[in-house]
file entry20.txt (compact mmCIF, C-alpha atoms)
# COMPACT_ATOMS: atom_id res chain seq x y z
CA MET A 772 106.74 82.44 98.15
CA LEU A 773 110.50 82.64 98.52
CA ILE A 774 112.42 84.90 96.14
CA THR A 775 115.98 83.55 95.97
CA ASN A 776 119.37 84.52 94.52
CA GLY A 777 118.53 88.17 93.98
CA LYS A 778 120.55 91.32 94.37
CA ILE A 779 118.29 92.72 97.08
CA PHE A 780 117.90 96.48 97.41
CA THR A 781 115.80 96.90 100.54
CA MET A 782 115.84 100.73 100.29
CA ALA A 783 116.03 100.61 104.08
CA GLY A 784 119.81 100.77 104.30
CA GLN A 785 120.75 97.18 103.45
CA THR A 786 121.77 95.63 100.15
CA TYR A 787 122.34 91.88 99.77
CA GLU A 788 124.46 90.84 96.80
CA ASN A 789 122.90 87.37 96.92
CA GLY A 790 119.81 87.43 99.05
CA TYR A 791 116.24 86.29 99.53
CA VAL A 792 112.81 87.72 100.30
CA HIS A 793 110.34 85.52 102.17
CA ILE A 794 106.67 86.35 101.51
CA GLU A 795 103.78 85.03 103.56
CA GLY A 796 100.13 86.10 103.58
CA GLY A 797 100.75 88.99 101.22
CA LYS A 798 103.36 90.49 103.55
CA ILE A 799 107.14 90.41 103.69
CA ARG A 800 108.17 88.02 106.44
CA ALA A 801 111.95 88.25 106.17
CA VAL A 802 114.76 89.62 104.00
CA GLY A 803 118.38 88.57 104.19
CA ASP A 804 121.43 86.83 102.79
CA MET A 805 120.94 83.52 100.95
CA ALA A 806 123.06 81.76 103.56
CA GLU A 807 120.23 82.45 106.02
CA ALA A 808 117.29 81.64 103.73
CA PRO A 809 114.63 79.31 105.19
CA GLU A 810 114.65 75.83 103.66
CA GLU A 811 110.89 75.37 103.56
CA ALA A 812 109.04 78.56 102.68
CA GLY A 813 106.67 77.73 99.84
CA PRO A 814 107.28 78.00 96.08
CA ALA A 815 110.64 79.47 95.10
CA LEU A 816 111.18 82.18 92.49
CA ASP A 817 114.83 82.19 91.44
CA ALA A 818 115.83 85.76 90.60
CA GLY A 819 119.09 84.56 89.06
CA GLY A 820 121.09 87.60 90.13
CA ALA A 821 118.47 90.14 89.02
CA TRP A 822 117.74 93.31 90.99
CA VAL A 823 114.99 92.77 93.56
CA MET A 824 113.47 96.02 94.80
CA PRO A 825 110.35 97.37 96.45
CA GLY A 826 107.71 98.11 93.84
CA LEU A 827 108.17 101.56 92.31
CA ILE A 828 105.90 104.44 93.34
CA ASP A 829 104.65 107.44 91.35
CA ALA A 830 103.96 110.14 93.95
CA HIS A 831 101.91 112.36 91.63
CA CYS A 832 99.87 111.38 88.58
CA HIS A 833 96.34 111.31 87.23
CA VAL A 834 96.09 107.67 86.23
CA GLY A 835 92.50 106.49 86.07
CA ILE A 836 91.03 109.96 86.49
CA THR A 837 92.37 111.32 83.19
CA GLU A 838 92.03 108.30 80.94
CA GLU A 839 94.06 107.96 77.77
CA LYS A 840 92.34 108.26 74.37
CA TRP A 841 88.86 109.08 75.62
CA GLY A 842 88.92 112.89 75.60
CA MET A 843 86.11 114.54 77.58
CA VAL A 844 84.43 111.17 78.16
CA GLY A 845 87.40 109.98 80.21
CA GLU A 846 88.38 113.36 81.68
CA ASP A 847 87.27 113.55 85.31
CA CYS A 848 90.33 115.33 86.66
CA ASN A 849 89.07 118.90 86.92
CA GLU A 850 85.72 120.39 87.93
CA ARG A 851 85.99 123.74 86.17
CA THR A 852 82.74 125.24 87.47
CA CYS A 853 83.97 126.43 90.89
CA PRO A 854 87.50 127.31 92.03
CA LEU A 855 86.99 125.86 95.54
CA THR A 856 86.00 122.18 95.65
CA PRO A 857 87.56 120.50 98.71
CA HIS A 858 84.70 118.00 98.94
CA LEU A 859 85.52 116.23 95.66
CA ARG A 860 87.05 112.77 96.05
CA ALA A 861 89.29 111.15 93.48
CA LEU A 862 87.97 107.84 94.79
CA ASP A 863 84.66 108.59 93.08
CA ALA A 864 86.21 109.17 89.65
CA VAL A 865 89.18 106.82 89.16
CA ASN A 866 88.49 104.08 86.63
CA PRO A 867 90.57 100.98 87.47
CA MET A 868 90.06 99.80 83.88
CA ASP A 869 92.27 102.60 82.55
CA ALA A 870 94.99 100.97 80.42
CA ALA A 871 97.63 103.05 82.20
CA PHE A 872 97.33 100.81 85.25
CA HIS A 873 98.66 97.86 83.28
CA ASP A 874 101.41 100.04 81.80
CA ALA A 875 102.42 100.80 85.38
CA VAL A 876 102.48 97.10 86.27
CA MET A 877 104.74 96.36 83.29
CA ALA A 878 107.17 99.05 84.48
CA GLY A 879 107.46 97.57 87.97
CA ILE A 880 105.26 100.29 89.48
CA THR A 881 103.03 98.86 92.19
CA SER A 882 101.38 101.93 93.75
CA LEU A 883 100.73 105.59 93.07
CA MET A 884 99.13 108.82 94.23
CA THR A 885 96.37 109.97 91.88
CA GLY A 886 93.86 112.75 92.20
CA PRO A 887 92.36 116.02 91.00
CA GLY A 888 94.17 118.31 88.62
CA SER A 889 95.18 121.93 88.98
CA SER A 890 92.37 123.97 87.44
CA ASN A 891 90.95 124.85 90.85
CA VAL A 892 92.56 126.73 93.70
CA VAL A 893 91.31 123.83 95.83
CA GLY A 894 90.77 120.76 93.69
CA GLY A 895 89.75 118.06 96.14
CA GLN A 896 91.08 114.93 97.78
CA SER A 897 93.80 112.72 96.27
CA LEU A 898 94.23 109.05 97.11
CA PHE A 899 97.07 106.54 97.30
CA MET A 900 96.36 103.15 95.71
CA LYS A 901 97.70 99.89 94.34
CA VAL A 902 97.74 99.53 90.55
CA GLN A 903 96.22 96.05 90.25
CA GLY A 904 92.54 95.28 90.68
CA ARG A 905 89.02 95.88 89.45
CA CYS A 906 87.36 97.36 92.56
CA MET A 907 88.66 100.73 93.71
CA ASP A 908 87.64 100.12 97.31
CA ASN A 909 89.99 97.13 97.44
CA MET A 910 92.88 98.99 95.76
CA VAL A 911 93.01 101.97 98.11
CA VAL A 912 95.89 102.25 100.56
CA LYS A 913 95.03 105.72 101.90
CA ALA A 914 92.03 107.94 101.14
CA PRO A 915 92.02 110.80 101.50
CA ALA A 916 95.78 111.03 101.18
CA ALA A 917 96.16 114.75 100.43
CA MET A 918 94.18 117.91 99.65
CA LYS A 919 95.03 119.33 96.23
CA ILE A 920 95.64 123.07 95.91
CA ALA A 921 97.02 124.96 92.91
CA PHE A 922 98.85 128.19 92.17
CA GLY A 923 99.91 129.93 88.97
CA GLU A 924 98.78 129.70 85.38
CA ASN A 925 96.17 126.95 85.52
CA PRO A 926 93.60 128.58 87.84
CA LYS A 927 94.24 131.95 86.17
CA LYS A 928 93.66 130.50 82.71
CA ASP A 929 90.63 128.37 83.51
CA TYR A 930 88.79 131.10 85.42
CA GLY A 931 90.37 134.49 84.73
CA GLU A 932 90.19 134.15 80.96
CA ASN A 933 86.44 133.63 81.29
CA GLY A 934 86.01 136.77 83.38
CA ASN A 935 85.73 134.91 86.67
CA THR A 936 87.85 134.86 89.79
CA PRO A 937 90.71 134.10 90.23
CA GLY A 938 92.24 136.20 87.51
CA SER A 939 95.51 136.93 89.26
CA ARG A 940 98.00 135.31 91.60
CA MET A 941 96.76 137.67 94.31
CA ALA A 942 93.24 136.32 93.89
CA ILE A 943 94.45 132.70 94.04
CA ALA A 944 96.20 133.35 97.35
CA GLY A 945 93.25 135.38 98.62
CA LEU A 946 90.70 132.68 97.82
CA LEU A 947 92.84 130.03 99.46
CA ARG A 948 93.39 132.07 102.62
CA GLU A 949 89.66 132.79 102.87
CA GLU A 950 88.85 129.09 102.49
CA LEU A 951 91.44 128.07 105.07
CA GLN A 952 90.18 130.72 107.51
CA LYS A 953 86.64 129.36 107.21
CA ALA A 954 87.91 125.83 107.69
CA ARG A 955 89.92 126.80 110.77
CA ARG A 956 86.91 128.51 112.37
CA TYR A 957 84.85 125.40 111.65
CA GLN A 958 87.52 123.17 113.21
CA LEU A 959 87.63 125.25 116.39
CA LYS A 960 83.84 125.17 116.73
CA LYS A 961 83.82 121.42 116.15
CA GLU A 962 86.48 120.88 118.81
CA LYS A 963 84.47 122.95 121.31
CA GLY A 964 81.36 120.86 120.65
CA GLU A 965 79.49 123.81 119.18
CA ILE A 966 78.45 121.95 116.02
CA ALA A 967 75.72 119.32 116.32
CA PRO A 968 75.99 116.24 114.05
CA GLU A 969 72.98 117.37 112.03
CA ASP A 970 74.66 120.75 111.40
CA GLU A 971 77.96 119.42 110.08
CA ASP A 972 79.15 121.16 106.91
CA PHE A 973 80.19 118.55 104.34
CA ARG A 974 82.67 120.86 102.59
CA MET A 975 84.29 121.96 105.83
CA GLU A 976 84.49 118.43 107.23
CA CYS A 977 86.91 117.64 104.39
CA TRP A 978 89.42 120.11 105.85
CA LEU A 979 89.59 118.52 109.31
CA PRO A 980 92.28 115.91 108.47
CA VAL A 981 94.34 118.72 106.91
CA PHE A 982 94.14 120.88 110.03
CA ARG A 983 94.83 117.86 112.22
CA ARG A 984 97.93 117.38 110.03
CA GLU A 985 96.88 113.84 109.19
CA ILE A 986 97.23 114.60 105.48
CA PRO A 987 99.17 117.36 103.69
CA LEU A 988 98.21 120.03 101.24
CA LYS A 989 99.35 118.88 97.80
CA ALA A 990 100.43 122.11 96.16
CA HIS A 991 100.71 122.48 92.38
CA VAL A 992 103.60 124.95 92.10
CA HIS A 993 105.95 125.56 89.18
CA ARG A 994 107.38 129.08 89.44
CA ALA A 995 109.67 130.12 92.28
CA ASP A 996 107.31 132.86 93.44
CA ASP A 997 104.38 130.41 93.53
CA ILE A 998 106.46 127.95 95.56
CA LEU A 999 107.24 130.68 98.07
CA THR A 1000 103.60 131.79 98.24
CA ALA A 1001 102.53 128.22 98.97
CA ILE A 1002 105.14 127.97 101.72
CA ARG A 1003 104.04 131.31 103.16
CA ILE A 1004 100.37 130.27 103.37
CA ALA A 1005 101.08 126.80 104.75
CA LYS A 1006 103.24 128.35 107.48
CA GLU A 1007 100.54 130.93 108.28
CA PHE A 1008 98.02 128.19 108.96
CA GLN A 1009 100.55 125.69 110.38
CA LEU A 1010 99.74 123.00 107.83
CA ASP A 1011 101.83 120.25 106.24
CA MET A 1012 102.42 120.37 102.50
CA THR A 1013 104.17 118.75 99.58
CA LEU A 1014 105.58 120.92 96.78
CA ASP A 1015 104.45 119.19 93.61
CA HIS A 1016 106.23 119.90 90.29
CA CYS A 1017 108.57 122.38 92.02
CA THR A 1018 109.88 123.22 88.54
CA GLU A 1019 111.97 126.21 89.61
CA GLY A 1020 112.93 124.60 92.91
CA HIS A 1021 116.58 124.60 91.87
CA LEU A 1022 116.48 128.41 91.91
CA ILE A 1023 115.39 128.59 95.57
CA ALA A 1024 116.67 125.29 96.95
CA ASP A 1025 117.90 126.76 100.23
CA GLU A 1026 114.56 128.42 100.94
CA ILE A 1027 112.72 125.16 100.26
CA ALA A 1028 115.10 123.28 102.53
CA GLU A 1029 114.52 125.83 105.27
CA SER A 1030 110.74 125.39 104.96
CA GLY A 1031 111.05 121.68 105.73
CA PHE A 1032 108.54 120.73 103.04
CA PRO A 1033 109.36 117.84 100.65
CA ALA A 1034 109.27 118.12 96.86
CA ILE A 1035 107.74 115.88 94.20
CA VAL A 1036 109.59 116.88 91.04
CA GLY A 1037 108.44 116.60 87.44
CA PRO A 1038 107.22 115.95 84.84
CA ASP A 1039 110.47 116.87 83.10
CA LEU A 1040 109.97 114.38 80.26
CA SER A 1041 107.57 116.70 78.46
CA SER A 1042 107.56 119.90 76.44
CA ARG A 1043 107.78 123.38 77.93
CA SER A 1044 104.12 123.91 77.16
CA LYS A 1045 103.55 126.84 79.52
CA ILE A 1046 105.41 130.02 80.41
CA GLU A 1047 105.76 128.98 84.05
CA ILE A 1048 107.81 125.90 83.15
CA LYS A 1049 110.33 127.67 80.92
CA ASN A 1050 113.11 126.79 83.42
CA MET A 1051 112.20 123.11 83.56
CA SER A 1052 115.27 120.87 83.91
CA PHE A 1053 116.18 117.38 85.06
CA LYS A 1054 118.80 119.01 87.29
CA THR A 1055 116.15 120.20 89.77
CA ALA A 1056 115.97 116.98 91.81
CA GLY A 1057 119.74 116.86 92.25
CA VAL A 1058 119.99 120.48 93.35
CA LEU A 1059 117.21 119.92 95.90
CA GLU A 1060 118.86 116.72 97.15
CA ARG A 1061 122.14 118.53 97.76
CA ALA A 1062 120.28 121.25 99.66
CA GLY A 1063 118.78 118.62 101.96
CA VAL A 1064 115.24 118.50 100.56
CA LYS A 1065 113.51 115.10 100.60
CA THR A 1066 112.60 114.54 96.96
CA ALA A 1067 110.45 112.18 94.91
CA ILE A 1068 110.07 111.94 91.12
CA MET A 1069 106.69 112.01 89.36
CA THR A 1070 105.32 111.54 85.84
CA ASP A 1071 102.12 113.60 86.18
CA HIS A 1072 100.65 110.97 83.83
CA PRO A 1073 99.38 111.49 81.18
CA VAL A 1074 101.66 114.55 80.81
CA SER A 1075 104.54 112.07 80.88
CA LEU A 1076 103.47 108.45 80.56
CA ILE A 1077 103.63 106.51 83.79
CA ARG A 1078 105.68 103.73 82.19
CA TYR A 1079 108.59 106.21 81.99
CA LEU A 1080 108.81 106.87 85.74
CA PRO A 1081 112.11 104.98 86.17
CA LEU A 1082 113.51 106.70 83.07
CA CYS A 1083 112.64 110.11 84.55
CA ALA A 1084 114.58 109.15 87.68
CA GLY A 1085 117.49 108.02 85.53
CA LEU A 1086 117.59 111.27 83.61
CA SER A 1087 117.62 113.14 86.92
CA VAL A 1088 120.63 111.04 87.97
CA LYS A 1089 122.28 111.91 84.67
CA GLN A 1090 121.80 115.59 85.57
CA GLY A 1091 123.19 115.40 89.10
CA LEU A 1092 120.88 113.44 91.40
CA SER A 1093 122.78 110.69 93.21
CA LEU A 1094 122.22 107.09 92.10
CA GLU A 1095 120.87 106.21 95.53
CA GLY A 1096 118.73 109.35 95.43
CA GLY A 1097 117.25 108.32 92.10
CA LEU A 1098 116.20 104.93 93.46
CA ARG A 1099 114.87 106.47 96.66
CA ALA A 1100 112.89 109.07 94.69
CA ILE A 1101 110.71 106.33 93.21
CA THR A 1102 110.58 104.04 96.26
CA ILE A 1103 111.07 104.94 99.92
CA HIS A 1104 111.15 108.73 99.58
CA ALA A 1105 107.96 108.63 97.51
CA ALA A 1106 106.35 106.44 100.18
CA GLN A 1107 107.46 108.70 103.02
CA ILE A 1108 106.27 111.85 101.28
CA CYS A 1109 102.91 110.20 100.55
CA ARG A 1110 102.76 108.98 104.19
CA VAL A 1111 102.41 105.31 103.36
CA ALA A 1112 105.92 104.13 104.28
CA ASP A 1113 104.45 101.87 106.94
CA ARG A 1114 103.18 99.67 104.09
CA VAL A 1115 105.24 100.24 100.93
CA GLY A 1116 108.50 101.74 99.65
CA SER A 1117 111.03 99.32 101.14
CA LEU A 1118 111.60 95.60 101.63
CA GLU A 1119 111.15 95.13 105.37
CA PRO A 1120 109.29 92.60 107.54
CA ASP A 1121 105.53 93.23 107.93
CA LYS A 1122 105.31 95.56 104.93
CA ASP A 1123 103.15 94.74 101.91
CA ALA A 1124 104.84 92.29 99.56
CA ASP A 1125 104.96 94.78 96.66
CA ILE A 1126 108.12 93.85 94.79
CA ALA A 1127 109.66 94.48 91.36
CA ILE A 1128 112.38 92.29 89.88
CA PHE A 1129 114.49 93.90 87.14
CA SER A 1130 117.19 92.57 84.83
CA GLY A 1131 119.39 95.43 86.10
CA ASN A 1132 119.11 99.03 87.21
CA PRO A 1133 115.50 100.09 86.43
CA MET A 1134 116.67 103.63 85.64
CA GLU A 1135 118.61 102.37 82.60
CA THR A 1136 116.85 102.24 79.24
CA PHE A 1137 117.46 98.60 78.31
CA THR A 1138 116.55 97.15 81.70
CA LYS A 1139 113.58 94.77 81.60
CA THR A 1140 110.91 94.22 84.22
CA LEU A 1141 111.05 90.49 84.90
CA TYR A 1142 108.34 90.25 87.55
CA THR A 1143 105.93 92.59 89.30
CA ILE A 1144 104.47 91.33 92.56
CA ILE A 1145 101.63 93.04 94.45
CA ASP A 1146 100.46 91.82 97.86
CA GLY A 1147 102.50 88.66 97.36
CA GLU A 1148 100.91 87.74 94.01
CA ILE A 1149 102.75 87.78 90.68
CA VAL A 1150 100.76 90.17 88.48
CA TYR A 1151 103.26 90.47 85.61
CA ARG A 1152 105.97 88.31 84.04
CA GLU A 1153 108.34 89.44 81.31
CA GLY A 1154 106.76 88.93 77.91
CA GLU A 1155 103.18 89.35 79.06
CA GLN A 1156 101.44 92.22 77.32
CA GLY A 1157 97.84 91.90 78.42
call {"tool": "encode", "arguments": {"input": "entry20.txt", "output": "structure tokens"}}
result
Amino acid sequence: MLITNGKIFTMAGQTYENGYVHIEGGKIRAVGDMAEAPEEAGPALDAGGAWVMPGLIDAHCHVGITEEKWGMVGEDCNERTCPLTPHLRALDAVNPMDAAFHDAVMAGITSLMTGPGSSNVVGGQSLFMKVQGRCMDNMVVKAPAAMKIAFGENPKKDYGENGNTPGSRMAIAGLLREELQKARRYQLKKEKGEIAPEDEDFRMECWLPVFRREIPLKAHVHRADDILTAIRIAKEFQLDMTLDHCTEGHLIADEIAESGFPAIVGPDLSSRSKIEIKNMSFKTAGVLERAGVKTAIMTDHPVSLIRYLPLCAGLSVKQGLSLEGGLRAITIHAAQICRVADRVGSLEPDKDADIAIFSGNPMETFTKTLYTIIDGEIVYREGEQG
């Protein structure tokens, strides 16, 4: 396929006012100015001046694992029987038939990070996946992609209110440190060859990619003090981490910047349903950007519906995030934070041909998604609803 006559936003530093994207074998072969477009490159898709961008990315949601409409039957996001469950895999619970996947496609979203919720101090393993398909194993880009941990109200409410631990923020931090200490001891024994294959601990094995810094902790943090506790613990154990929600991040932007950890901000398009999000504001992403924090935007679907991801970015721009920062927050920055930028997030040779074509700026309300392309195949055209 050859996409022609588009306003190409590569999100890799180049913009072509009238450019092309050459797709071959599900990958991007070349991107450039129309004057340099190959003459024979398969079927042509004339963008007619529309915006051609990498497919959008939601860096934090629960699509497929918290299904819409189905209540408890479709709720597989939280295992509320034990506060420490690192061995749980989102891969085993995501339903690719969830209607939200098609909503994502219609919004120009081509991939996302989905996974366990925040009831548990350690919730389990998130995954990064494409949004089109019927078989989860074929949709996965990276699994595991992160280890979910949570601070604040949710673990306190789901366990403390029932007379169980953790009932305080001290207990949350204590449980997490104890778990990480066990995991570190296990890692050291494994590296010394002191653990035979038949004696491997399934729960502890799940921590090895975290301690090897192959995947980050994915920390549910809203309040400023919880953000700082998460940073403190990650630094103690020398682990990588993303600060998810980061609702009061604008209050401690310099401290977050100093930590070096990226933020995944949101969902701001929702009600202030808990005490810990009383300072929620669309200005957070802009304040973090100006402090030098790499920032992505999330929906936390179904808290905010995934179809509104570009709108959330637009509202952040309205409140101070730069225009370029808004686009990056749902493309290349999201990919980099999720550690999949070698495949998605920008229009560059050899990356997956995940592309969205919009009638204009996707962060503006009246902009239409004209085409969504995943792995070089058109999976949505404007006007298609099913």
call {"tool": "closest_residue", "arguments": {"input": "entry20.txt", "among": "A:Ile1108, A:Ala954, A:Cys848, A:Val823", "to": "Pro1073 of chain A", "atoms": "only C-alpha atoms"}}
result
A:Cys848
call {"tool": "closest_residue", "arguments": {"input": "entry20.txt", "among": "A:Gly923, A:Gly820, A:Gly790, A:Gly1154", "to": "Ala806 of chain A", "atoms": "only C-alpha atoms"}}
result
A:Gly790
call {"tool": "atom_distance", "arguments": {"input": "entry20.txt", "atom1": "atom CA of Ser1041 of chain A", "atom2": "atom CA of His1021 of chain A"}}
result
18.0 Å
call {"tool": "atom_distance", "arguments": {"input": "entry20.txt", "atom1": "atom CA of Leu773 of chain A", "atom2": "atom CA of Ala1112 of chain A"}}
result
22.7 Å
call {"tool": "atom_distance", "arguments": {"input": "entry20.txt", "atom1": "atom CA of Cys832 of chain A", "atom2": "atom CA of Pro1133 of chain A"}}
result
19.4 Å
call {"tool": "closest_residue", "arguments": {"input": "entry20.txt", "among": "A:His873, A:Ile880, A:Gly886, A:His831", "to": "Ala1067 of chain A", "atoms": "only C-alpha atoms"}}
result
A:His831
call {"tool": "closest_residue", "arguments": {"input": "entry20.txt", "among": "A:Arg994, A:Phe982, A:Ser882, A:Met941", "to": "Ala830 of chain A", "atoms": "all atoms listed in the file"}}
result
A:Ser882
call {"tool": "residues_near_point", "arguments": {"input": "entry20.txt", "point": "(104.4, 92.7, 111.9)", "cutoff": "12 Å", "atoms": "only C-alpha atoms", "output": "list in words"}}
result
Glu795, Gly796, Gly797, Lys798, Ile799, Arg800, Ala801, Asp1113, Arg1114, Glu1119, Pro1120, Asp1121, Lys1122 and Asp1123 of chain A
call {"tool": "closest_atom_pairs", "arguments": {"input": "entry20.txt", "of": "segment 966-1061 of chain A", "to": "segment 1078-1083 of chain A", "cutoff": "8 Å", "atoms": "all atoms listed in the file", "output": "Markdown table"}}
result
| residue | atom | partner | partner_atom | distance |
| --- | --- | --- | --- | --- |
| A:Pro1038 | CA | A:Cys1083 | CA | 8.0 |
| A:Asp1039 | CA | A:Cys1083 | CA | 7.2 |
| A:Leu1040 | CA | A:Cys1083 | CA | 6.6 |
call {"tool": "write_last_selection", "arguments": {"input": "entry20.txt", "atoms": "C-alpha atoms", "output": "compact mmCIF listing (two decimals), keeping the file's coordinate frame"}}
result
# COMPACT_ATOMS: atom_id res chain seq x y z
CA PRO A 1038 107.22 115.95 84.84
CA ASP A 1039 110.47 116.87 83.10
CA LEU A 1040 109.97 114.38 80.26
call {"tool": "closest_residue", "arguments": {"input": "entry20.txt", "among": "A:Leu947, A:Ala1105, A:Ile1144, A:Leu859", "to": "Met824 of chain A", "atoms": "all atoms listed in the file"}}
result
A:Ile1144
call {"tool": "closest_residue", "arguments": {"input": "entry20.txt", "among": "A:Asn891, A:Thr1055, A:Thr1138, A:Thr1102", "to": "Asp1125 of chain A", "atoms": "all atoms listed in the file"}}
result
A:Thr1102
call {"tool": "residues_around", "arguments": {"input": "entry20.txt", "residues": "Asp1015 of chain A", "least_positions_apart": "3", "cutoff": "10 Å", "atoms": "only C-alpha atoms", "output": "list in words"}}
result
Ala830, His831, Lys919, Ile920, Ala921, Leu988, Lys989, Ala990, His991, Val992, His993, Ile998, Met1012, Thr1018, Pro1033, Ala1034, Ile1035, Val1036, Gly1037, Pro1038, Thr1066, Ala1067, Ile1068, Met1069 and Asp1071 of chain A
call {"tool": "closest_atom_pairs", "arguments": {"input": "entry20.txt", "of": "segment 787-902 of chain A", "to": "segment 774-781 of chain A", "cutoff": "10 Å", "atoms": "all atoms listed in the file", "output": "tab-separated table"}}
result
residue	atom	partner	partner_atom	distance
A:Tyr787	CA	A:Ile779	CA	4.9
A:Glu788	CA	A:Lys778	CA	4.6
A:Asn789	CA	A:Asn776	CA	5.1
A:Gly790	CA	A:Gly777	CA	5.3
A:Tyr791	CA	A:Thr775	CA	4.5
A:Val792	CA	A:Ile774	CA	5.0
A:His793	CA	A:Ile774	CA	6.4
A:Ile794	CA	A:Ile774	CA	8.0
A:Val802	CA	A:Thr781	CA	8.1
A:Gly803	CA	A:Ile779	CA	8.2
A:Asp804	CA	A:Ile779	CA	8.8
A:Met805	CA	A:Asn776	CA	6.7
A:Ala808	CA	A:Thr775	CA	8.1
A:Ala812	CA	A:Ile774	CA	9.7
A:Gly813	CA	A:Ile774	CA	9.9
A:Pro814	CA	A:Ile774	CA	8.6
A:Ala815	CA	A:Ile774	CA	5.8
A:Leu816	CA	A:Ile774	CA	4.7
A:Asp817	CA	A:Thr775	CA	4.9
A:Ala818	CA	A:Gly777	CA	5.0
A:Gly819	CA	A:Asn776	CA	5.5
A:Gly820	CA	A:Gly777	CA	4.7
A:Ala821	CA	A:Gly777	CA	5.3
A:Trp822	CA	A:Lys778	CA	4.8
A:Val823	CA	A:Ile779	CA	4.8
A:Met824	CA	A:Phe780	CA	5.2
A:Pro825	CA	A:Thr781	CA	6.8
call {"tool": "decode", "arguments": {"input": "entry20.txt", "residues": "segment 1135-1146 of chain A", "atoms": "N, CA, C and O atoms", "output": "tab-separated table (two decimals), in the first residue's frame"}}
result
chain	number	residue	atom	x	y	z
A	1135	GLU	N	-9.03	17.70	18.30
A	1135	GLU	CA	-10.15	18.62	18.17
A	1135	GLU	C	-11.46	17.84	18.02
A	1135	GLU	O	-11.51	16.81	17.34
A	1136	THR	N	-12.51	18.36	18.61
A	1136	THR	CA	-13.76	17.62	18.76
A	1136	THR	C	-14.37	17.16	17.45
A	1136	THR	O	-14.84	16.02	17.34
A	1137	PHE	N	-14.35	18.00	16.41
A	1137	PHE	CA	-15.07	17.67	15.19
A	1137	PHE	C	-14.22	16.88	14.19
A	1137	PHE	O	-14.69	16.55	13.10
A	1138	THR	N	-12.99	16.56	14.55
A	1138	THR	CA	-12.13	15.79	13.65
A	1138	THR	C	-12.66	14.36	13.52
A	1138	THR	O	-13.04	13.74	14.51
A	1139	LYS	N	-12.65	13.85	12.30
A	1139	LYS	CA	-13.11	12.50	12.03
A	1139	LYS	C	-11.93	11.56	11.78
A	1139	LYS	O	-10.92	11.96	11.22
A	1140	THR	N	-12.08	10.32	12.21
A	1140	THR	CA	-11.13	9.28	11.84
A	1140	THR	C	-11.53	8.78	10.46
A	1140	THR	O	-12.63	8.24	10.29
A	1141	LEU	N	-10.66	8.96	9.49
A	1141	LEU	CA	-10.96	8.53	8.12
A	1141	LEU	C	-10.57	7.07	7.89
A	1141	LEU	O	-11.32	6.32	7.26
A	1142	TYR	N	-9.41	6.70	8.38
A	1142	TYR	CA	-8.92	5.33	8.24
A	1142	TYR	C	-8.12	4.95	9.49
A	1142	TYR	O	-7.39	5.78	10.05
A	1143	THR	N	-8.24	3.70	9.89
A	1143	THR	CA	-7.34	3.12	10.88
A	1143	THR	C	-6.70	1.90	10.25
A	1143	THR	O	-7.39	1.03	9.71
A	1144	ILE	N	-5.38	1.85	10.30
A	1144	ILE	CA	-4.61	0.78	9.68
A	1144	ILE	C	-3.77	0.10	10.75
A	1144	ILE	O	-3.07	0.77	11.50
A	1145	ILE	N	-3.86	-1.22	10.83
A	1145	ILE	CA	-3.06	-1.99	11.79
A	1145	ILE	C	-2.31	-3.07	11.03
A	1145	ILE	O	-2.90	-3.85	10.28
A	1146	ASP	N	-1.00	-3.10	11.22
A	1146	ASP	CA	-0.13	-4.07	10.53
A	1146	ASP	C	-0.36	-4.04	9.03
A	1146	ASP	O	-0.36	-5.07	8.36
